[in-house]
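Following: one structure in structure tokens, then a few remarks.
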Amino acid sequence: MRKLIEFIPNFSVSEQKDEAVFNELVKTAESVPGCTLLDAESDGSHNRTVLTITGSPEAIEEVAFLLCKKAMETIDLRKHTGAHPRMGATDVMPFVPAQDVSLEECIELSKRVAERIWNQLRIPCFLYEDSCTSEERRNLANIRKGEFEGMSEKLQLPEWEPDYGEREPHPTAGVTAVGARMPLVAFNVNLDTDDIEIAKKIAKAIRGSSGGFKYCKAMGVMIAETGKAQVSMNMVNYEKTPLFYAYEMIRTLAASYGVNIIGSEIVGLTPAKALIDCASFYLRLRDFDCYKQVMEYHLGE
């Protein structure tokens with residue numbers, strides 16, 4: 001069986017704000033033999049682009065470096081603003097085992113990529129998630145706190161020396177988080193309100209770090225295009241915290257503020273089972289087994 005890794009780099013640029021840079025990143029992602037660009041998701045309000053790429057370990061290792069290099073050459077964080085927090089031109093680089101690859105192999109690959117980024121591009125790197133060197137660095141939010149503008153001061157703190165690099169961010173490309181993890185779902189819920197404080201309160205109530213769902217990371221943001229507030233989430237284990245858990249809790253909490261949900265969205269790709277589990281819940285299916293009863297699973301075999 002062919003070894004495949006999924007790679008989901010996040011860049012501090014959007015097609016809506018800078019189409020030329022977005023196109024350069026897409027072109028770079030498609031330039032390495034052995035890689036396939038599955039999706040290119042861009043959001044103008046967040047001012048962020050998420051690519052989803054699969055390929056062999058060797059090809060993914062190469063495309064990761066080339067994309068980080070291209071972002072360094074084309075993105076200047078001193079001129080960047082957006083709703084989504086960020087600390088690097090290439091903000092985060094997660095590697096996910098997809099087929100016949102272990103999480104441990106992805107961890108070792110992440111370390112090689114981070115070391116190469118520092119040695120050749122002089123961009124400091126932190127290892128996060130399952131690649132982390134301390135539990136404090138497992139959560140990306142801890143690493144990114146302070147963002148690009150506060151990173152120079154943060155790196156001087158004894159506990160925040162980069163895993164690769166010196167205690168000074170790259171002047172335009174900042175700092176990058178590199179790591180390995182299992183699949184997550186980027187899931188956003190839009191609210192019928194322009195009060196961002198409501199979204200922030202809901203996000204605090206449901207995220208694991210504040211006592212909510214253990215496998216949910218959440219924050220409240222404003223969507224400039226619509227003028228509406230959004231609860232933006234990363235569901236880091238969609239089986240232990242299904243999407244419908246978060247959705248139903250957001251709906252209940254929003255109603256307490258006199259607010260409704262007006263829609264939701266998936267950013268990038270998602271495992272089919274995450275959506276099938278939602279369908280099973282809302283259709284109230286009894287004893288449903290997606291692996292046995294969903295036709296596409298059998299076609300895939």
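Every chain in the structure tokens has a letter given in the order shown (A, B, ...), and although residue numbers restart at 1 in each chain, ligands are simply numbered from 1 in the order shown.
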May I have a table of the residues of stretch 52-111 of chain A lying at most 10 Å from stretch 140-164 of chain A, giving each one's closest pair of atoms and their distance in Å to one decimal, counting only C-alpha atoms, ordered by chain and ascending residue number, as CSV?
```
residue,atom,partner,partner_atom,distance
A:Leu77,CA,A:Phe148,CA,7.4
A:Arg78,CA,A:Glu149,CA,8.3
A:His80,CA,A:Phe148,CA,9.8
A:Pro85,CA,A:Glu147,CA,6.5
A:Arg86,CA,A:Glu147,CA,5.4
A:Met87,CA,A:Phe148,CA,4.1
A:Gly88,CA,A:Phe148,CA,6.6
A:Ala89,CA,A:Phe148,CA,9.3
A:Asp91,CA,A:Arg144,CA,8.8
A:Val92,CA,A:Leu140,CA,8.5
A:Lys111,CA,A:Tyr164,CA,9.0
```
Take the residues from that selection and write them out as a PDB file, in the first residue's frame, keeping C-alpha atoms.
```
ATOM      1  CA  LEU A  77       3.220  40.271   8.352  1.00  0.00           C
ATOM      2  CA  ARG A  78       3.929  43.907   9.189  1.00  0.00           C
ATOM      3  CA  HIS A  80      -1.206  41.900   7.579  1.00  0.00           C
ATOM      4  CA  PRO A  85      -4.869  35.166  15.158  1.00  0.00           C
ATOM      5  CA  ARG A  86      -1.488  34.537  13.516  1.00  0.00           C
ATOM      6  CA  MET A  87       2.214  34.625  14.285  1.00  0.00           C
ATOM      7  CA  GLY A  88       3.776  33.598  10.972  1.00  0.00           C
ATOM      8  CA  ALA A  89       3.478  34.075   7.215  1.00  0.00           C
ATOM      9  CA  ASP A  91       1.385  30.172  10.539  1.00  0.00           C
ATOM     10  CA  VAL A  92       1.026  26.454  11.152  1.00  0.00           C
ATOM     11  CA  LYS A 111      11.136  17.790  13.105  1.00  0.00           C
TER      12      LYS A 111
END
```
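Closest to A:Ile198 among A:Ser210, A:Ser256, A:Thr74, A:Ser42 is A:Ser256, based on only C-alpha atoms.
Within 10 Å of A:Gly258, once only C-alpha atoms are used and residues closer than 4 positions along the same chain are dropped, the contacting residues are Asp192, Thr193, Thr252, Leu253 and Ala254 of chain A.
With atom CA of A:Lys201 on one side and atom CA of A:Glu239 on the other, the separation reads 24.7 Å.
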Of A:Tyr257, A:Glu197, A:Met219, A:Leu275, the one sitting nearest A:Leu243 when using only C-alpha atoms is A:Leu275
Once DSSP has gone over the backbone, tell me which residues of stretch 49-169 of chain A are in strand (DSSP E), as a PyMOL selection string.
chain A and resi 49-55+90-99+125-129
Run DSSP on the backbone and grab whatever in stretch 8-206 of chain A lands in helix (DSSP H, G or I); send it over as a count of residues only.
81
Output as CSV one row per residue of stretch 208-266 of chain A within 12 Å of stretch 282-294 of chain A: the closest atom pair and its distance in Å to one decimal place, counting only C-alpha atoms, sorted by chain and residue number ascending.
```
residue,atom,partner,partner_atom,distance
A:Leu243,CA,A:Tyr282,CA,11.5
A:Phe244,CA,A:Tyr282,CA,8.6
A:Tyr245,CA,A:Tyr282,CA,11.4
A:Tyr247,CA,A:Tyr282,CA,11.6
A:Glu248,CA,A:Tyr282,CA,10.7
```
Write the selection just made, keeping N, CA and C atoms, as a PDB file, in the first residue's frame?
```pdb
ATOM      1  N   LEU A 243     -19.316  16.857  15.881  1.00  0.00           N
ATOM      2  CA  LEU A 243     -19.698  18.207  15.466  1.00  0.00           C
ATOM      3  C   LEU A 243     -21.062  18.606  16.030  1.00  0.00           C
ATOM      4  N   PHE A 244     -21.987  17.652  16.095  1.00  0.00           N
ATOM      5  CA  PHE A 244     -23.327  18.014  16.547  1.00  0.00           C
ATOM      6  C   PHE A 244     -23.367  18.345  18.039  1.00  0.00           C
ATOM      7  N   TYR A 245     -22.406  17.859  18.827  1.00  0.00           N
ATOM      8  CA  TYR A 245     -22.316  18.283  20.228  1.00  0.00           C
ATOM      9  C   TYR A 245     -22.120  19.795  20.281  1.00  0.00           C
ATOM     10  N   TYR A 247     -22.504  22.027  17.858  1.00  0.00           N
ATOM     11  CA  TYR A 247     -23.583  22.768  17.189  1.00  0.00           C
ATOM     12  C   TYR A 247     -24.779  22.944  18.112  1.00  0.00           C
ATOM     13  N   GLU A 248     -25.200  21.866  18.762  1.00  0.00           N
ATOM     14  CA  GLU A 248     -26.376  21.940  19.628  1.00  0.00           C
ATOM     15  C   GLU A 248     -26.117  22.816  20.853  1.00  0.00           C
TER      16      GLU A 248
END
```
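Counting from atom CA of A:Ser102, the distance to atom CA of A:Leu66 is 23.6 Å.
With distances restricted to only C-alpha atoms, A:Lys200 is the closest residue to A:Ile250 from A:Lys200, A:His298, A:Lys228, A:His84.
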